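Text of the file start.cif, holding mmCIF, C-alpha atoms:
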```cif
data_model
#
loop_
_atom_site.label_atom_id
_atom_site.label_comp_id
_atom_site.auth_asym_id
_atom_site.auth_seq_id
_atom_site.Cartn_x
_atom_site.Cartn_y
_atom_site.Cartn_z
CA MET L 30 94.87 82.21 71.46
CA ARG L 31 93.65 85.59 72.76
CA ALA L 32 95.67 88.66 71.88
CA VAL L 33 95.22 92.40 72.21
CA ARG L 34 95.55 94.05 68.79
CA PHE L 35 94.96 97.34 67.02
CA HIS L 36 93.84 97.35 63.39
CA GLU L 37 94.33 101.09 62.97
CA TYR L 38 96.25 103.82 64.75
CA GLY L 39 94.51 105.92 67.37
CA GLY L 40 93.58 106.20 71.02
CA THR L 41 93.00 103.41 73.48
CA ASP L 42 89.65 102.68 71.82
CA VAL L 43 91.44 100.99 68.88
CA LEU L 44 92.67 98.20 71.17
CA ARG L 45 90.59 95.03 71.20
CA VAL L 46 90.99 91.40 72.21
CA ASP L 47 91.01 89.07 69.18
CA ASP L 48 90.99 85.29 68.91
CA ILE L 49 93.83 84.46 66.53
CA GLU L 50 95.97 81.50 65.58
CA ARG L 51 98.81 80.63 67.92
CA PRO L 52 102.16 81.49 66.25
CA THR L 53 104.72 78.86 65.31
CA PRO L 54 108.37 79.53 66.16
CA GLY L 55 110.92 79.73 63.36
CA PRO L 56 114.26 77.85 63.47
CA GLU L 57 115.88 80.44 65.77
CA GLU L 58 112.77 81.39 67.73
CA VAL L 59 111.09 80.37 70.97
CA LEU L 60 107.35 80.12 71.58
CA LEU L 61 106.74 81.58 75.01
CA GLU L 62 103.52 81.04 76.95
CA VAL L 63 103.06 84.50 78.40
CA GLU L 64 102.43 84.67 82.14
CA ALA L 65 103.09 88.41 82.41
CA ALA L 66 103.73 91.30 80.02
CA ALA L 67 104.68 94.82 81.02
CA VAL L 68 103.16 98.06 79.74
CA ASN L 69 105.55 100.84 78.73
CA PRO L 70 105.01 104.35 77.35
CA VAL L 71 106.61 103.26 74.06
CA ASP L 72 103.72 100.81 73.54
CA THR L 73 101.34 103.77 73.32
CA TYR L 74 103.56 105.47 70.73
CA PHE L 75 103.27 102.46 68.42
CA ARG L 76 99.51 102.32 68.98
CA SER L 77 99.04 106.01 68.18
CA GLY L 78 101.19 105.83 65.05
CA ASP L 79 103.85 108.21 66.37
CA TYR L 80 106.18 105.25 65.89
CA GLU L 81 105.30 102.84 63.09
CA PRO L 82 105.46 99.14 63.95
CA GLY L 83 105.18 96.29 61.46
CA GLU L 84 102.16 95.67 59.27
CA LEU L 85 98.77 96.06 60.96
CA PRO L 86 96.97 94.50 62.76
CA TRP L 87 99.51 94.70 65.55
CA ILE L 88 99.94 93.29 69.07
CA PRO L 89 101.40 95.88 71.49
CA GLY L 90 103.88 95.11 74.23
CA SER L 91 107.67 95.18 74.40
CA ASP L 92 108.54 92.66 77.11
CA CYS L 93 107.20 89.57 78.82
CA ALA L 94 107.99 86.50 80.88
CA GLY L 95 106.63 82.99 80.98
CA THR L 96 107.30 79.36 80.13
CA VAL L 97 108.90 78.00 76.96
CA ALA L 98 106.18 76.09 75.07
CA ALA L 99 108.23 75.15 71.99
CA THR L 100 111.56 75.93 70.35
CA GLY L 101 112.90 76.14 66.83
CA GLU L 102 115.37 73.54 65.65
CA ARG L 103 118.41 75.83 66.02
CA VAL L 104 117.63 77.09 69.53
CA ALA L 105 120.26 75.95 72.04
CA THR L 106 119.96 78.06 75.20
CA VAL L 107 116.46 77.08 76.39
CA THR L 108 114.23 74.03 76.13
CA GLU L 109 110.53 73.34 76.54
CA GLY L 110 109.43 73.94 80.12
CA ASP L 111 112.15 76.49 80.94
CA ARG L 112 111.13 79.83 82.42
CA ALA L 113 112.35 82.86 80.48
CA PHE L 114 111.91 86.61 80.07
CA ALA L 115 112.30 88.71 76.95
CA THR L 116 112.33 92.21 75.49
CA GLY L 117 112.95 94.04 72.22
CA LEU L 118 109.51 93.13 70.89
CA GLY L 119 106.52 95.16 69.75
CA ASN L 120 108.35 97.21 67.12
CA TRP L 121 109.16 95.16 64.01
CA LEU L 122 108.25 91.98 65.89
CA GLN L 123 104.72 91.33 67.16
CA GLY L 124 104.27 92.29 70.79
CA THR L 125 103.55 90.57 74.05
CA CYS L 126 99.98 91.36 75.17
CA ALA L 127 98.84 87.90 74.19
CA GLU L 128 98.66 84.38 75.57
CA TYR L 129 101.63 83.27 73.42
CA VAL L 130 104.42 85.10 71.61
CA THR L 131 107.32 84.04 69.41
CA VAL L 132 110.65 85.47 70.53
CA PRO L 133 114.06 85.35 68.81
CA GLU L 134 116.46 83.37 70.97
CA SER L 135 118.74 86.43 71.07
CA HIS L 136 115.99 88.46 72.79
CA LEU L 137 115.51 86.33 75.91
CA ALA L 138 117.23 84.80 78.90
CA ARG L 139 116.39 82.26 81.58
CA LEU L 140 114.40 83.55 84.53
CA PRO L 141 116.01 82.54 87.83
CA ASP L 142 114.21 80.24 90.26
CA GLY L 143 112.36 82.25 92.85
CA VAL L 144 111.82 85.24 90.52
CA SER L 145 108.21 85.64 89.44
CA ALA L 146 107.10 86.07 85.86
CA GLU L 147 105.64 89.43 86.85
CA ALA L 148 109.05 90.58 88.07
CA GLY L 149 110.71 89.30 84.90
CA ALA L 150 108.28 91.18 82.68
CA ALA L 151 108.53 94.31 84.82
CA VAL L 152 112.31 94.47 84.62
CA ALA L 153 113.03 93.47 81.03
CA LEU L 154 112.71 96.63 78.93
CA VAL L 155 113.47 99.11 81.70
CA GLY L 156 116.33 96.99 83.00
CA VAL L 157 118.00 96.81 79.61
CA THR L 158 117.46 100.56 79.21
CA ALA L 159 119.01 101.30 82.60
CA TRP L 160 121.94 98.99 81.84
CA GLN L 161 122.55 100.58 78.42
CA THR L 162 122.56 104.07 79.91
CA LEU L 163 124.49 103.62 83.13
CA VAL L 164 126.87 100.77 82.32
CA ASP L 165 127.30 100.63 78.56
CA ALA L 166 127.01 104.27 77.46
CA CYS L 167 128.25 106.05 80.58
CA SER L 168 130.59 103.46 82.16
CA LEU L 169 129.39 104.16 85.70
CA GLU L 170 132.09 103.13 88.17
CA PRO L 171 132.00 102.24 91.89
CA ALA L 172 132.14 105.26 94.20
CA GLU L 173 130.99 107.64 91.46
CA ARG L 174 127.81 109.68 91.97
CA ALA L 175 124.79 109.02 89.74
CA LEU L 176 121.79 111.31 89.36
CA VAL L 177 118.61 109.55 88.20
CA HIS L 178 115.83 111.92 87.22
CA GLY L 179 112.38 110.48 87.97
CA GLY L 180 113.41 107.67 90.27
CA SER L 181 109.85 106.41 90.74
CA GLY L 182 109.41 105.62 87.04
CA GLY L 183 109.87 102.26 85.38
CA VAL L 184 113.42 102.94 84.21
CA GLY L 185 114.17 105.18 87.17
CA HIS L 186 113.43 102.73 89.98
CA VAL L 187 115.53 100.05 88.29
CA ALA L 188 118.34 102.51 87.51
CA VAL L 189 118.52 103.49 91.18
CA GLN L 190 119.00 99.84 92.13
CA LEU L 191 121.43 99.13 89.32
CA ALA L 192 123.61 102.12 90.21
CA ALA L 193 123.61 101.12 93.87
CA ALA L 194 124.47 97.51 93.01
CA ASN L 195 127.39 98.88 90.97
CA GLY L 196 128.77 100.58 94.06
CA ALA L 197 127.81 104.11 93.08
CA GLN L 198 126.29 106.77 95.30
CA VAL L 199 122.80 107.58 94.07
CA THR L 200 120.82 110.80 93.96
CA THR L 201 117.31 110.73 92.55
CA THR L 202 114.24 112.94 92.23
CA ALA L 203 110.60 112.03 92.82
CA SER L 204 107.37 113.12 94.44
CA PRO L 205 107.59 113.06 98.27
CA ALA L 206 105.19 110.10 98.44
CA TYR L 207 107.91 107.85 96.98
CA HIS L 208 110.97 109.07 98.90
CA ASN L 209 110.99 106.32 101.52
CA GLN L 210 110.54 103.57 98.95
CA LEU L 211 113.39 104.90 96.83
CA ALA L 212 115.64 105.06 99.86
CA ASP L 213 114.79 101.42 100.52
CA LEU L 214 115.71 100.62 96.90
CA GLY L 215 119.19 102.06 97.39
CA ALA L 216 119.04 105.82 96.82
CA ASP L 217 121.37 107.78 99.10
CA ASP L 218 119.65 111.14 98.52
CA VAL L 219 116.06 111.67 97.31
CA PHE L 220 114.76 115.13 96.48
CA ASP L 221 111.40 116.54 95.46
CA TYR L 222 111.86 117.50 91.82
CA SER L 223 109.64 120.57 92.33
CA ARG L 224 111.75 122.26 95.01
CA ASP L 225 113.13 125.68 94.08
CA ASP L 226 116.65 124.93 95.29
CA LEU L 227 116.94 121.53 93.61
CA ALA L 228 120.21 122.32 91.86
CA ASP L 229 121.84 123.42 95.10
CA ALA L 230 120.56 120.30 96.89
CA VAL L 231 121.92 117.98 94.18
CA VAL L 232 125.35 119.62 94.21
CA GLU L 233 125.50 119.58 98.00
CA ALA L 234 124.77 115.83 97.98
CA GLY L 235 127.58 115.37 95.46
CA ALA L 236 127.97 116.65 91.91
CA PRO L 237 126.96 113.72 89.68
CA ASP L 238 129.44 111.96 87.41
CA VAL L 239 126.64 110.23 85.49
CA ILE L 240 123.14 111.62 84.88
CA LEU L 241 120.21 109.61 83.57
CA ASP L 242 117.74 112.04 82.02
CA HIS L 243 114.32 111.03 80.69
CA ARG L 244 113.33 114.58 79.71
CA LEU L 245 116.36 116.16 78.12
CA ASP L 246 114.35 119.07 76.73
CA ASP L 247 113.43 120.10 80.29
CA TYR L 248 116.60 119.23 82.20
CA LEU L 249 119.61 119.54 79.89
CA ALA L 250 120.55 123.00 81.18
CA PHE L 251 120.00 121.77 84.76
CA ASP L 252 122.21 118.74 84.09
CA ALA L 253 125.03 120.96 82.85
CA GLU L 254 124.72 123.18 85.91
CA VAL L 255 124.99 120.40 88.51
CA ALA L 256 127.31 117.98 86.70
CA ALA L 257 130.79 117.14 87.90
CA GLN L 258 133.86 117.67 85.74
CA GLY L 259 133.86 115.12 82.90
CA ALA L 260 130.30 114.00 83.62
CA ARG L 261 128.38 111.79 81.22
CA ILE L 262 124.70 112.47 80.51
CA ALA L 263 122.48 109.68 79.15
CA ALA L 264 119.31 110.77 77.36
CA ILE L 265 116.40 108.36 76.97
CA GLY L 266 113.42 110.60 76.25
CA ASN L 267 112.00 113.97 75.27
CA THR L 268 108.55 115.48 75.15
CA ASP L 269 109.74 117.95 72.49
CA LEU L 270 111.94 117.28 69.48
CA ALA L 271 114.63 119.77 70.47
CA ALA L 272 116.91 120.07 73.49
CA THR L 273 119.77 122.55 73.68
CA PHE L 274 122.43 123.68 76.13
CA GLU L 275 121.86 127.17 77.49
CA ASN L 276 125.51 127.68 78.42
CA VAL L 277 127.84 126.02 75.92
CA PRO L 278 131.08 127.43 77.42
CA ARG L 279 130.21 125.84 80.79
CA CYS L 280 129.62 122.48 79.11
CA ARG L 281 132.91 122.77 77.26
CA ALA L 282 134.74 123.74 80.43
CA LYS L 283 133.31 120.71 82.24
CA ALA L 284 134.06 118.42 79.26
CA LEU L 285 130.52 117.05 79.35
CA SER L 286 129.34 114.31 77.01
CA VAL L 287 125.77 113.41 76.06
CA HIS L 288 124.78 109.88 75.02
CA HIS L 289 121.45 109.26 73.31
CA VAL L 290 120.24 105.76 74.13
CA SER L 291 117.43 103.63 72.74
CA MET L 292 116.77 100.22 74.25
CA PHE L 293 115.85 98.89 70.80
CA ASN L 294 119.44 99.53 69.63
CA THR L 295 120.88 97.10 72.19
CA PRO L 296 123.25 94.74 70.32
CA GLU L 297 122.44 91.67 72.43
CA PHE L 298 119.26 91.76 74.50
CA GLY L 299 119.85 88.28 75.89
CA ALA L 300 123.31 89.10 77.22
CA VAL L 301 122.02 92.08 79.22
CA LEU L 302 118.95 90.15 80.42
CA SER L 303 121.28 87.44 81.74
CA ARG L 304 123.14 90.04 83.81
CA LEU L 305 119.85 91.36 85.15
CA ALA L 306 118.79 87.81 85.98
CA THR L 307 121.92 87.40 88.10
CA LEU L 308 121.09 90.57 90.01
CA MET L 309 117.46 89.52 90.50
CA ALA L 310 118.55 86.17 91.90
CA ASP L 311 119.80 88.18 94.87
CA ASP L 312 116.81 90.13 96.23
CA ASP L 313 119.11 92.76 97.73
CA ASP L 314 120.50 93.78 94.32
CA LEU L 315 117.49 94.18 92.02
CA THR L 316 113.80 93.88 92.83
CA PRO L 317 111.44 95.39 90.24
CA VAL L 318 108.27 96.84 91.71
CA VAL L 319 104.89 95.85 90.22
CA ALA L 320 102.54 98.76 90.87
CA ARG L 321 99.35 97.39 89.25
CA ARG L 322 98.07 94.34 87.41
CA TYR L 323 95.66 94.13 84.46
CA ASP L 324 94.15 91.37 82.34
CA LEU L 325 93.98 91.45 78.53
CA ASP L 326 90.58 93.14 78.54
CA ASP L 327 91.99 95.99 80.61
CA VAL L 328 95.01 96.82 78.41
CA PRO L 329 93.32 100.04 77.16
CA ALA L 330 93.12 101.23 80.78
CA ALA L 331 96.78 100.28 81.30
CA HIS L 332 97.78 102.33 78.23
CA ASP L 333 95.97 105.31 79.70
CA ASP L 334 97.41 104.81 83.18
CA VAL L 335 101.04 104.45 82.04
CA LEU L 336 100.93 107.95 80.58
CA ASN L 337 98.67 109.77 83.01
CA ASP L 338 98.82 108.21 86.49
CA SER L 339 101.42 108.49 89.24
CA PHE L 340 102.92 105.26 90.57
CA LEU L 341 106.25 103.73 91.51
CA GLY L 342 107.44 100.83 89.37
CA LYS L 343 105.71 99.07 86.49
CA LEU L 344 102.27 98.12 85.19
CA VAL L 345 101.91 94.43 84.33
CA VAL L 346 99.38 92.50 82.21
CA THR L 347 98.61 88.89 83.17
CA PRO L 348 96.85 87.12 80.24
#
```

Would you encode the structure as structure tokens?
Amino acid sequence: MRAVRFHEYGGTDVLRVDDIERPTPGPEEVLLEVEAAAVNPVDTYFRSGDYEPGELPWIPGSDCAGTVAATGERVATVTEGDRAFATGLGNWLQGTCAEYVTVPESHLARLPDGVSAEAGAAVALVGVTAWQTLVDACSLEPAERALVHGGSGGVGHVAVQLAAANGAQVTTTASPAYHNQLADLGADDVFDYSRDDLADAVVEAGAPDVILDHRLDDYLAFDAEVAAQGARIAAIGNTDLAATFENVPRCRAKALSVHHVSMFNTPEFGAVLSRLATLMADDDDLTPVVARRYDLDDVPAAHDDVLNDSFLGKLVVTP
């Protein structure tokens, strides 16, 4: 089979397409013929060596969707020919930018009829992340107000939909070019993140009970300023190692809590993917947006674009 691999850490130039042997699933694994794999910023961190994956050479990619080509003898939830989508790969398990990938049964779920493989790949990692932050960590309830920083991003555009499907009111931030699309996805209030009076605008729309923050080092003080009493803040990313509150007494007075979330720490990927599959089966609840498509030869360009370009939704590789 063809697979994108890196044999050493570095920039996008270390990625190359190799012809390698097709993997064989273990007793509790599924061999998935990959029809689509998504590209996420975390894939670039493994490639650069900022995060260390398994033993090199390594296949990047954290999520995918396709058709079950074979199953291990202990697999019970899917059979050959089923359509499925998966995540939680690319770290200690080989990744998904390949024509075939072996996936633990616990890391996948059936893909509903009528949902494309591209949509399944696009939603897997970011959907589990959004679920872990909003539902699991922060217990978002109907009629609460959620603030999603960066609503046009991979996690952000799914989080907006997930919060809306949960019956919450949704505030999000994004460049003006994406405001109408985010409103169509379920956001009640969309603000330009660069406006000088952003804090006032967010509070006027409704002080958020739950905040999803992808840049805690930049926005933690802002979050504390706009948050409602007893608000929960979910942190999924930083560009710097440190993030601190500027006004601790205010945080204490509001009884704020901060939850640090990593998708890779999800106890049961398959269980969350099954919930997302139910939402995707109804187009009005969850529709991941595919911004661009690449083939295996263009994965280096996709790695560059996911960090440096502006787009709404996800980048998808179709082997």

Can you tell me, as a VMD selection string, what residues are no more than 6 Å from stretch 253-268 of chain L when counting only C-alpha atoms, ignoring any on the same chain fewer than 5 positions away? chain L and resid 162 167 232 236 to 246 283 to 290

Hits of the PyMOL selection byres ((chain L and resi 250) around 8) in this structure, as an NGL selection string: :L and (247-249 or 251-254 or 273-276)

Expand the PyMOL selection byres ((chain L and resi 216-228) around 6) into the individual residues it matches in the shown file, reporting them as a list in words.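 Applied to this file, the PyMOL selection byres ((chain L and resi 216-228) around 6) selects Val199, Thr200, Thr201, Thr202, Ala203, Ser204, Pro205, His208, Leu211, Ala212, Gly215, Asp229, Ala230 and Val231 of chain L.
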
Compare L:Val345, L:Val318, L:Ala113, L:Ile88 by their minimum atom-to-atom distance to L:Gly182, counting all atoms listed in the file, and give me the closest one. L:Val318

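Using only C-alpha atoms for every distance, the candidate list L:Val144, L:Ala32, L:Leu61, L:Ala193 yields L:Ala193 as the residue closest to L:Leu163.
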
For stretch 207-223 of chain L, where the input has fewer atoms than it should, I would like N, CA, C and O atoms rebuilt and written as an mmCIF file, in the coordinates of the input.
```cif
data_model
loop_
_atom_site.group_PDB
_atom_site.id
_atom_site.type_symbol
_atom_site.label_atom_id
_atom_site.label_comp_id
_atom_site.auth_asym_id
_atom_site.auth_seq_id
_atom_site.Cartn_x
_atom_site.Cartn_y
_atom_site.Cartn_z
ATOM 1 N N TYR L 207 107.085 109.007 97.329
ATOM 2 C CA TYR L 207 107.910 107.850 96.980
ATOM 3 C C TYR L 207 109.311 107.905 97.589
ATOM 4 O O TYR L 207 110.131 107.014 97.322
ATOM 5 N N HIS L 208 109.598 108.909 98.391
ATOM 6 C CA HIS L 208 110.970 109.070 98.900
ATOM 7 C C HIS L 208 111.420 107.881 99.737
ATOM 8 O O HIS L 208 112.538 107.383 99.585
ATOM 9 N N ASN L 209 110.581 107.422 100.654
ATOM 10 C CA ASN L 209 110.990 106.320 101.520
ATOM 11 C C ASN L 209 111.226 105.038 100.733
ATOM 12 O O ASN L 209 112.178 104.295 101.007
ATOM 13 N N GLN L 210 110.364 104.764 99.750
ATOM 14 C CA GLN L 210 110.540 103.570 98.950
ATOM 15 C C GLN L 210 111.835 103.613 98.156
ATOM 16 O O GLN L 210 112.550 102.609 98.037
ATOM 17 N N LEU L 211 112.163 104.784 97.607
ATOM 18 C CA LEU L 211 113.390 104.900 96.830
ATOM 19 C C LEU L 211 114.623 104.772 97.710
ATOM 20 O O LEU L 211 115.638 104.207 97.292
ATOM 21 N N ALA L 212 114.538 105.261 98.926
ATOM 22 C CA ALA L 212 115.640 105.060 99.860
ATOM 23 C C ALA L 212 115.818 103.572 100.152
ATOM 24 O O ALA L 212 116.947 103.063 100.216
ATOM 25 N N ASP L 213 114.718 102.862 100.292
ATOM 26 C CA ASP L 213 114.790 101.420 100.520
ATOM 27 C C ASP L 213 115.377 100.687 99.312
ATOM 28 O O ASP L 213 115.996 99.626 99.472
ATOM 29 N N LEU L 214 115.181 101.246 98.113
ATOM 30 C CA LEU L 214 115.710 100.620 96.900
ATOM 31 C C LEU L 214 117.189 100.927 96.664
ATOM 32 O O LEU L 214 117.790 100.384 95.748
ATOM 33 N N GLY L 215 117.756 101.818 97.490
ATOM 34 C CA GLY L 215 119.190 102.060 97.390
ATOM 35 C C GLY L 215 119.618 103.490 97.155
ATOM 36 O O GLY L 215 120.822 103.772 97.076
ATOM 37 N N ALA L 216 118.671 104.421 97.035
ATOM 38 C CA ALA L 216 119.040 105.820 96.820
ATOM 39 C C ALA L 216 119.634 106.411 98.100
ATOM 40 O O ALA L 216 119.092 106.230 99.191
ATOM 41 N N ASP L 217 120.743 107.120 97.964
ATOM 42 C CA ASP L 217 121.370 107.780 99.100
ATOM 43 C C ASP L 217 120.707 109.121 99.415
ATOM 44 O O ASP L 217 120.604 109.515 100.582
ATOM 45 N N ASP L 218 120.283 109.831 98.357
ATOM 46 C CA ASP L 218 119.650 111.140 98.520
ATOM 47 C C ASP L 218 118.462 111.214 97.575
ATOM 48 O O ASP L 218 118.614 110.952 96.365
ATOM 49 N N VAL L 219 117.291 111.560 98.110
ATOM 50 C CA VAL L 219 116.060 111.670 97.310
ATOM 51 C C VAL L 219 115.489 113.055 97.518
ATOM 52 O O VAL L 219 115.251 113.472 98.657
ATOM 53 N N PHE L 220 115.258 113.768 96.406
ATOM 54 C CA PHE L 220 114.760 115.130 96.480
ATOM 55 C C PHE L 220 113.472 115.289 95.692
ATOM 56 O O PHE L 220 113.283 114.653 94.645
ATOM 57 N N ASP L 221 112.619 116.171 96.181
ATOM 58 C CA ASP L 221 111.400 116.540 95.460
ATOM 59 C C ASP L 221 111.814 117.325 94.217
ATOM 60 O O ASP L 221 112.497 118.351 94.318
ATOM 61 N N TYR L 222 111.435 116.853 93.064
ATOM 62 C CA TYR L 222 111.860 117.500 91.820
ATOM 63 C C TYR L 222 111.279 118.898 91.649
ATOM 64 O O TYR L 222 111.759 119.679 90.819
ATOM 65 N N SER L 223 110.269 119.267 92.467
ATOM 66 C CA SER L 223 109.640 120.570 92.330
ATOM 67 C C SER L 223 110.244 121.634 93.240
ATOM 68 O O SER L 223 109.841 122.806 93.160
#
```
